[in-house]
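Chemist: I'd like to ask some things about the structure below.
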Amino acid sequence: MTERITKSMAKNIYYGGGTFALLIFLALTLDTVKQIPQRSNEVKMTESVVMGKKIWEKNDCVGCHTLIGEGAYYAPELMNVFQRRGGSDESAFKAYMKGWMASQPLAVPNRRKMPQFHLSDEEVDNLSDFLIWTSKVNANDWPPTIEG
Amino acid sequence: MKYSSQAVAKPYFIFALILLAGEILFGLLMAIQYLYGDFLFPLIPFNVLRMVHTNLLIVLILFGFMGATYYLIPEEAERELWSPKLAIITFWVFAAAGVATILGYLFVPYATLTEITFNELLPTMGREFLEQPLPTKVGIVLVVVSYIVNTAMTVLLGRRTVITTVLITGLLGLAVFFLVAFYVPDNLIMDKFFWWFTVHLWVEATWELIMGAILAFVLIKVTGVDREHIDKWLYLIIAMTMVSGILGTGHHFFYMGAPEYWLWIGSISSAVEPLPFFLMILFAFTMTRERKITHDNEMALTWAKGTAVMAFLGAGVWGFIHTLAPVNMFTHGTQLTAAHGHLSFYGAYIMIIFTITSYAMPILRGRPHGNSKKAQKVELSAFWMLNIGMLGLTLALSAAGISQILDQRVGTDLVGFMESQDSIAGIYMVRAGFGLLVFTGLLTYFASFFIKEDNA
C-alpha cells in the first residue's frame with residue numbers, strides 16, 4: 001500500500017488534510033459558542049449560580065465527582081443530583097444539601113469519605129443553585145438514568 | 001554522543017523517571033483508598049491523591065519530551081544546542097516549580113491554596129488536570145517558551161529535517177493550546193468546551209506529533225533505514241493524526257451541552273483515530289524488517305515496537321470501544337474512561353519516554369553500544385512486567401466500567417453509585433494487584449541502570 005505513496009504526497013496530505021480539519025473545527029467552534037448560551041439557559045445563570053461554580057472549583061469537587069460525566073469516578077455524578085436527591089424540588093434540594101454538607105465526613109467505617117469543607121449556609125445555597133442550573137442543561141438526553 | 005550539549009538531556013530523563021515512580025506510587029495509594037475509604041483520610045483526601053497522580057504524569061511527560069528534544073535536536077540539526085545553559089536553568093526552574101506545586105497540594109488545603117496563590121486575580125484552578133495554581137501555570141508557559149526558543153534557534157542555525165519540523169510544530173501547538181487554560185468563562189458549559197482545547201488537542205494532536213518525531217528518530221538510529229523512507233512514514237502517520245484528531249475533539253462534545261452535530265462529527269472522525277496508531281505499528285515493524293544495521297542496544301528497538309503496539313491498544317482500541325455516540329451515552333463518565341486513559345497515556349507517552357531513555361541514556365553514560373547483555377536482560381523483564389501490569393489494570397478497570405453501566409444505566413432494576421461500587425470491590429482489588437506489578441516493573445527498570453558493565 002505505502003509503496004505507491006511518495007514522500008511529497010504524504011507531506012501534502014499532512015498539510016492539506018490538517019489545514020482542512022482545522023478550518024472545519026474552527027467554523028464549528030464559532031457555531032457552538034453561539035449555541036451554548038441558549039442550550040445552557042444562560043439567562044438563568046444568576047449571580048448565585050456563578051458563585052456556586054467558584055465554590056465548586058475552589059474546593060476541587062471535580063477531583064472526586066463527575067459533573068456531566070467529566071471528572072473523577074470516586075464519587076457519584078452530580079448533574080442530576082437535583083432530581084435524584086431533591087426530587088426536582090428546589091427548597092427540598094437546598095434543605096437536603098445543607099444537611100448533607102454539614103454531616104460530612106460520615107462516620108461509616110471504610111466508606112469513601114467526603115471531607116468537611118466548612119461552607120456557610122449561603123455558600124451551600126450557591127452550590128445548590130449551581131447544581132440546579134447544571135441539571136437543566138441540554139446535554140442530548142444524558143445521563144441515561146436517574147442513577148447517573 | 002556526537003555533540004557535548006546533548007548531555008543536558010540526562011537530568012531531564014532521570015527526573016522524568018523519578019516523577020514516574022511518584023506518579024505510580026500515588027496511583028497505588030488511590031487504588032487502596034478506593035477499597036478502604038479510611039486509608040489516609042483525612043490526611044490526604046482522594047482528590048489530592050488524584051491531583052498529585054495526574055499532575056505528576058503531565059509534568060513527567062513534559063520533562064521526557066524536553067529530554068528527548070535536547071538529545072535529538074543537536075544530532076538532527078548537526079550542531080550544538082543553541083544554549084545548553086538555558087536548558088539547564090529551565091530544568092531547575094521547572095523542577096523547583098513542580099516540586100513546590102506538589103508539596104502545596106499535599107500540605108495546604110486546596111481552598112487555602114487558591115487563596116494564597118492569587119487565584120482570585122484570574123481564576124483557573126479546580127478544573128480537572130488544570131488544578132495548578134496561577135504561578136505554576138505562568139511558570140509552565142515560561143518553561144515551554146524557553147524550550148521552544150532553544151529548540152527553534154538550534155534548528156534555524158543548523159540543518160532542517162522532517163523530524164525537526166514535525167517536532168517544532170508539535171511544540172508550538174502544545175504552547176498555543178495551553179494558553180486556552182487561562183480562559184475560564186463563568187458558564188460551565190463554555191468552560192468545559194474550551195477546557196478540551198487544552199486537554200484533547202494536547203493529548204490527541206500536538207503530543208502525537210512530538211511522539212511521532214521521537215519514534216522516527218530512534219528508528220533511524222537503531223535500524224539504519226534510509227531517512228527518506230522514514231520521513232514518508234512519519235508524514236503519513238501525522239497526516240492521519242491531524243485529520244482524525246482535530247475533529248475527533250468532537251467525541252468529548254456528545255453529552256456536555258454542545259450541539260447535536262458533534263454526535264456525527266465526533267463519531268466519524270474518531271472512528272478514524274485508531275488508524276495513525278495502526279500505521280505506527282506497521283511503521284515500527286516494517287522498519288525492523290528492512291533494517292540495515294543491528295544495533296547492540298536491542299532494548300531500544302524493543303521499546304520502540306512496544307510503544308507502537310501499546311499506543312494502538314490504549315489510544316486506538318480502547319478509545320474506539322467507547323467513542324461512538326450511542327455507546328458513549330452509556331460509557332460516559334465511568335471507569336471505562338479511566339481504563340482508556342490509563343492505557344493510552346502509558347502506551348503512547350510513557351512508552352515513548354522509555355524508548356528514548358533506553359536508547360539515549362547508555363550513550364549519555366559513555367556506552368555507545370548500549371548496556372551490557374545482562375542489563376538488557378533485566379530491562380526486558382521490566383518491559384514485560386510494565387506492559388502486562390498496565391494491560392491487567394486496564395482490563396480490570398474496563399470490567400469495573402461495564403459493571404457500573406449494567407448496575408446504574410441498563411434495565412429497570414437500577415442500583416445507586418455507592419452500592420454499585422461496593423459490588424465491584426473485588427475488581428478494584430485485582431486492579432491494585434496489577435498496579436503493584438507495574439511498580440515492581442519500574443523498580444526493575446531502575447535496577448537495570450545499576451548493573452555493572454561486562455569486562456570488555
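Quick note on naming: the chains in the C-alpha cells go A, B, ... in the order shown, residues restart at 1 in each chain, and ligands are numbered from 1 in order of appearance.
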Output as a tab-separated table (two decimals) with C-alpha atoms, in the first residue's frame the set of chain A residues within 6 Å of chain B, with distances taken over only C-alpha atoms.
Modeler:
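As written to disk, iface.tsv reads:
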```tsv
chain	number	residue	atom	x	y	z
A	7	LYS	CA	7.08	11.39	0.46
A	10	ALA	CA	2.36	12.17	2.26
A	11	LYS	CA	3.55	15.69	3.03
A	13	ILE	CA	-1.89	15.02	2.84
A	14	TYR	CA	-0.46	16.24	6.15
A	17	GLY	CA	-5.67	17.48	5.47
A	18	GLY	CA	-4.52	19.15	8.67
A	21	ALA	CA	-9.66	19.70	9.51
A	25	PHE	CA	-13.09	22.70	13.54
A	57	GLU	CA	-13.70	24.96	41.72
A	58	LYS	CA	-12.20	26.33	44.92
A	59	ASN	CA	-12.82	23.02	46.69
A	60	ASP	CA	-11.80	20.85	43.73
A	63	GLY	CA	-11.35	15.67	41.99
A	64	CYS	CA	-13.84	13.06	43.27
A	68	ILE	CA	-21.95	15.96	33.25
A	69	GLY	CA	-19.73	12.90	33.00
A	70	GLU	CA	-16.39	14.68	33.42
A	76	PRO	CA	-21.43	9.99	42.30
A	110	ASN	CA	-14.19	2.46	55.45
A	111	ARG	CA	-16.93	4.10	53.40
A	112	ARG	CA	-15.35	6.52	50.91
A	113	LYS	CA	-15.08	9.82	52.74
A	138	ASN	CA	-29.42	20.35	27.29
A	139	ALA	CA	-26.81	17.56	27.17
A	140	ASN	CA	-28.51	15.50	24.44
A	142	TRP	CA	-27.59	12.47	29.12
A	145	THR	CA	-30.94	7.19	34.05
A	147	GLU	CA	-28.70	6.96	38.96
```
Chemist: Skipping near chain neighbours, those fewer than 2 positions away, what residues fall within 7 Å of A:Gly52 using only C-alpha atoms, listed as a PyMOL selection string?
Modeler: chain A and resi 48-50+54-56+126-127+129-130
Chemist: To one decimal in Å, tell me the separation between atom CA of B:Phe63 and atom CA of B:Lys10.
Modeler: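 A separation of 10.6 Å between them.
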Chemist: From stretch 73-238 of chain B, collect each residue whose DSSP state is helix (DSSP H, G or I) and return the set as a PyMOL selection string.
Modeler: chain B and resi 73-77+84-107+110-116+134-157+162-182+188-223+227-238
Chemist: Those same residues, written as a tab-separated table (two decimals), in the first residue's frame with C-alpha atoms?
Modeler:
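Generated file (out.tsv):
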```tsv
chain	number	residue	atom	x	y	z
B	73	ILE	CA	17.90	18.15	18.15
B	74	PRO	CA	21.73	18.58	18.03
B	75	GLU	CA	22.08	15.35	16.05
B	76	GLU	CA	19.28	16.32	13.68
B	77	ALA	CA	20.43	19.93	13.26
B	84	PRO	CA	22.82	24.46	26.90
B	85	LYS	CA	22.90	26.92	29.80
B	86	LEU	CA	19.28	27.95	29.19
B	87	ALA	CA	18.30	24.28	29.06
B	88	ILE	CA	19.91	23.68	32.46
B	89	ILE	CA	18.32	26.79	34.00
B	90	THR	CA	14.95	25.72	32.59
B	91	PHE	CA	15.44	22.30	34.13
B	92	TRP	CA	15.97	23.67	37.64
B	93	VAL	CA	13.18	26.23	37.38
B	94	PHE	CA	10.71	23.60	36.18
B	95	ALA	CA	11.85	21.02	38.72
B	96	ALA	CA	11.58	23.52	41.60
B	97	ALA	CA	8.16	24.76	40.47
B	98	GLY	CA	6.93	21.20	40.03
B	99	VAL	CA	8.08	20.07	43.46
B	100	ALA	CA	6.70	23.20	45.13
B	101	THR	CA	3.32	22.67	43.46
B	102	ILE	CA	3.10	19.03	44.56
B	103	LEU	CA	4.09	19.99	48.13
B	104	GLY	CA	1.40	22.68	48.01
B	105	TYR	CA	-1.22	20.08	47.04
B	106	LEU	CA	-0.10	17.75	49.82
B	107	PHE	CA	0.32	20.17	52.71
B	110	TYR	CA	-6.89	23.22	48.24
B	111	ALA	CA	-9.25	26.08	49.11
B	112	THR	CA	-6.43	27.78	51.05
B	113	LEU	CA	-4.06	27.13	48.16
B	114	THR	CA	-6.38	29.02	45.82
B	115	GLU	CA	-6.34	31.98	48.22
B	116	ILE	CA	-2.59	32.21	48.76
B	134	LEU	CA	-1.66	30.54	38.76
B	135	PRO	CA	2.10	30.98	39.42
B	136	THR	CA	2.70	27.37	38.31
B	137	LYS	CA	0.66	27.86	35.15
B	138	VAL	CA	2.62	31.02	34.33
B	139	GLY	CA	5.80	29.10	35.11
B	140	ILE	CA	4.81	26.35	32.67
B	141	VAL	CA	4.34	28.97	29.95
B	142	LEU	CA	7.80	30.43	30.59
B	143	VAL	CA	9.42	27.00	30.65
B	144	VAL	CA	7.72	25.99	27.41
B	145	VAL	CA	8.69	29.27	25.72
B	146	SER	CA	12.32	28.80	26.72
B	147	TYR	CA	12.14	25.18	25.47
B	148	ILE	CA	10.73	26.27	22.10
B	149	VAL	CA	13.19	29.14	21.64
B	150	ASN	CA	16.14	26.87	22.38
B	151	THR	CA	14.90	24.19	20.00
B	152	ALA	CA	13.91	26.56	17.22
B	153	MET	CA	17.18	28.54	17.36
B	154	THR	CA	19.21	25.33	17.14
B	155	VAL	CA	17.25	24.18	14.11
B	156	LEU	CA	17.29	27.60	12.41
B	157	LEU	CA	21.06	27.78	12.72
B	162	VAL	CA	11.31	16.46	8.64
B	163	ILE	CA	11.78	15.25	12.22
B	164	THR	CA	12.74	18.72	13.47
B	165	THR	CA	9.88	20.38	11.58
B	166	VAL	CA	7.30	17.97	12.98
B	167	LEU	CA	8.73	18.28	16.47
B	168	ILE	CA	8.64	22.08	16.43
B	169	THR	CA	5.10	22.11	15.02
B	170	GLY	CA	4.08	19.86	17.92
B	171	LEU	CA	5.81	22.13	20.44
B	172	LEU	CA	4.14	25.25	19.07
B	173	GLY	CA	0.76	23.51	19.25
B	174	LEU	CA	1.47	22.48	22.82
B	175	ALA	CA	2.21	26.07	23.77
B	176	VAL	CA	-0.73	27.63	21.93
B	177	PHE	CA	-3.32	25.22	23.31
B	178	PHE	CA	-2.02	25.58	26.87
B	179	LEU	CA	-2.87	29.28	26.68
B	180	VAL	CA	-6.54	28.31	26.43
B	181	ALA	CA	-6.20	27.02	30.02
B	182	PHE	CA	-6.18	30.65	31.15
B	188	LEU	CA	-19.80	25.88	32.99
B	189	ILE	CA	-20.61	24.54	29.52
B	190	MET	CA	-18.49	27.13	27.75
B	191	ASP	CA	-15.74	26.41	30.29
B	192	LYS	CA	-15.91	22.65	29.58
B	193	PHE	CA	-15.93	23.28	25.82
B	194	PHE	CA	-12.69	25.28	25.87
B	195	TRP	CA	-11.10	23.09	28.56
B	196	TRP	CA	-10.98	20.34	25.93
B	197	PHE	CA	-8.95	22.59	23.62
B	198	THR	CA	-6.06	22.16	26.02
B	199	VAL	CA	-6.74	18.61	27.18
B	200	HIS	CA	-7.75	16.88	23.95
B	201	LEU	CA	-5.64	18.84	21.48
B	202	TRP	CA	-2.57	18.21	23.62
B	203	VAL	CA	-3.05	14.51	24.01
B	204	GLU	CA	-4.66	13.58	20.71
B	205	ALA	CA	-2.98	16.02	18.34
B	206	THR	CA	0.12	18.04	19.24
B	207	TRP	CA	1.71	15.49	21.61
B	208	GLU	CA	1.27	12.84	18.92
B	209	LEU	CA	3.43	14.93	16.59
B	210	ILE	CA	6.16	15.07	19.22
B	211	MET	CA	5.81	11.34	19.86
B	212	GLY	CA	5.96	10.55	16.12
B	213	ALA	CA	9.13	12.63	15.73
B	214	ILE	CA	10.86	10.89	18.66
B	215	LEU	CA	9.84	7.44	17.38
B	216	ALA	CA	11.11	8.25	13.87
B	217	PHE	CA	14.44	9.45	15.30
B	218	VAL	CA	15.01	6.29	17.33
B	219	LEU	CA	14.01	4.07	14.39
B	220	ILE	CA	16.53	5.81	12.10
B	221	LYS	CA	19.25	5.28	14.68
B	222	VAL	CA	18.60	1.65	15.54
B	223	THR	CA	17.56	0.28	12.13
B	227	ARG	CA	15.83	8.79	6.17
B	228	GLU	CA	13.70	9.48	3.06
B	229	HIS	CA	11.77	6.31	3.74
B	230	ILE	CA	11.25	7.08	7.44
B	231	ASP	CA	10.13	10.64	6.58
B	232	LYS	CA	7.36	9.37	4.32
B	233	TRP	CA	6.00	7.16	7.10
B	234	LEU	CA	6.21	9.99	9.60
B	235	TYR	CA	4.23	12.30	7.30
B	236	LEU	CA	1.59	9.64	6.69
B	237	ILE	CA	1.15	8.95	10.41
B	238	ILE	CA	0.86	12.58	11.42
```
Chemist: What does the structure give for the distance between atom CA of B:Ser420 and atom CA of B:Leu336, in Å to one decimal?
Modeler: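 Atom CA of B:Leu336 lies 14.7 Å from atom CA of B:Ser420.
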Chemist: Can you pull out every residue from stretch 53-127 of chain A that DSSP, working from the backbone, puts in strand (DSSP E), and format the result as a list of chain:residue names?
Modeler: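 Strand (DSSP E) members of stretch 53-127 of chain A, listed: A:Thr66, A:Leu67, A:Glu70, A:Gly71.
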Chemist: Extract, using only C-alpha atoms, all DNA, RNA and protein residues at most 9 Å from B:Phe449, discarding same-chain residues fewer than 2 positions from it, and format them as a compact mmCIF listing (two decimals) with C-alpha atoms, in the first residue's frame.
Modeler:
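Result written to result-v6.txt:
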```txt
# COMPACT_ATOMS: atom_id res chain seq x y z
CA PRO B 362 23.53 4.36 27.68
CA ASN B 371 24.03 -1.52 28.14
CA ALA B 375 21.48 -5.31 31.99
CA GLU B 379 15.41 -4.40 31.26
CA TYR B 445 13.84 -0.99 35.13
CA PHE B 446 15.68 1.26 37.59
CA ALA B 447 17.74 -1.71 38.75
CA ILE B 451 24.14 -3.37 36.59
CA LYS B 452 27.89 -3.20 36.06
```
Chemist: Could you give me, as a list in words, the residues within 10 Å of B:His295, counting only C-alpha atoms and dropping anything in the same chain fewer than 2 positions from it?
Modeler: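 Close residues of B:His295: Lys221, Val222, Thr223, Gly224, Arg291, Lys292, Ile293, Asn297, Glu298, Met299, Ala300, Leu301, Pro368, His369 and Gly370 of chain B.
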Chemist: Go ahead and dump the residues you just picked, N, CA and C atoms, as a tab-separated table (two decimals), in the first residue's frame.
Modeler:
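The new file selection12.tsv reads:
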```
chain	number	residue	atom	x	y	z
B	221	LYS	N	17.99	5.61	14.01
B	221	LYS	CA	19.25	5.28	14.68
B	221	LYS	C	19.44	3.77	14.85
B	222	VAL	N	18.37	3.06	15.21
B	222	VAL	CA	18.60	1.65	15.54
B	222	VAL	C	18.37	0.70	14.36
B	223	THR	N	17.74	1.19	13.26
B	223	THR	CA	17.56	0.28	12.13
B	223	THR	C	18.43	0.67	10.95
B	224	GLY	N	18.92	1.92	10.92
B	224	GLY	CA	19.76	2.37	9.82
B	224	GLY	C	18.99	2.51	8.52
B	291	ARG	N	15.66	-3.38	8.24
B	291	ARG	CA	16.80	-2.69	8.85
B	291	ARG	C	18.12	-3.03	8.16
B	292	LYS	N	19.00	-1.99	8.17
B	292	LYS	CA	20.30	-2.12	7.50
B	292	LYS	C	21.37	-2.49	8.52
B	293	ILE	N	21.11	-2.18	9.78
B	293	ILE	CA	22.09	-2.49	10.83
B	293	ILE	C	21.38	-3.21	11.97
B	297	ASN	N	22.17	-2.18	21.12
B	297	ASN	CA	21.14	-1.85	22.11
B	297	ASN	C	19.80	-2.38	21.59
B	298	GLU	N	19.59	-3.68	21.81
B	298	GLU	CA	18.36	-4.30	21.29
B	298	GLU	C	17.12	-3.80	22.00
B	299	MET	N	17.30	-3.40	23.26
B	299	MET	CA	16.13	-2.97	24.04
B	299	MET	C	15.49	-1.71	23.45
B	300	ALA	N	16.32	-0.83	22.85
B	300	ALA	CA	15.75	0.40	22.29
B	300	ALA	C	14.71	0.06	21.23
B	301	LEU	N	15.04	-0.92	20.38
B	301	LEU	CA	14.09	-1.31	19.34
B	301	LEU	C	12.88	-2.03	19.94
B	368	PRO	N	28.23	3.57	24.00
B	368	PRO	CA	27.63	3.75	22.67
B	368	PRO	C	26.97	2.49	22.12
B	369	HIS	N	27.35	1.34	22.64
B	369	HIS	CA	26.73	0.11	22.13
B	369	HIS	C	25.59	-0.38	23.02
B	370	GLY	N	25.10	0.50	23.86
B	370	GLY	CA	24.01	0.10	24.74
B	370	GLY	C	24.54	-0.55	26.01
```
Chemist: For the atom pair atom CA of B:His53 and atom CA of B:Ala31, what is the interatomic distance in Å to one decimal place?
Modeler: 11.4 Å
Chemist: Neighbours of A:Pro105 within 8 Å (only C-alpha atoms; same-chain residues fewer than 5 positions away dropped), as number ranges by chain?
Modeler: A: 113-116
Chemist: With N, CA and C atoms retained, could you export that selection as a PDB file, in the first residue's frame?
Modeler:
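Dumped to selection-v3.pdb:
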```pdb
ATOM      1  N   LYS A 113     -14.784   8.647  51.919  1.00  0.00           N
ATOM      2  CA  LYS A 113     -15.083   9.821  52.740  1.00  0.00           C
ATOM      3  C   LYS A 113     -15.085  11.114  51.939  1.00  0.00           C
ATOM      4  N   MET A 114     -16.094  11.944  52.238  1.00  0.00           N
ATOM      5  CA  MET A 114     -16.104  13.299  51.683  1.00  0.00           C
ATOM      6  C   MET A 114     -15.635  14.230  52.794  1.00  0.00           C
ATOM      7  N   PRO A 115     -14.643  15.082  52.517  1.00  0.00           N
ATOM      8  CA  PRO A 115     -14.140  15.962  53.583  1.00  0.00           C
ATOM      9  C   PRO A 115     -15.199  16.968  54.042  1.00  0.00           C
ATOM     10  N   GLN A 116     -14.970  17.566  55.215  1.00  0.00           N
ATOM     11  CA  GLN A 116     -15.812  18.663  55.700  1.00  0.00           C
ATOM     12  C   GLN A 116     -15.226  19.965  55.136  1.00  0.00           C
TER      13      GLN A 116
END
```
Chemist: Mind checking which residues fall within 7 Å of B:Phe278, counting only C-alpha atoms, ignoring those fewer than 4 positions away in the same chain, and posting them as number ranges by chain?
Modeler: B: 274, 282, 312
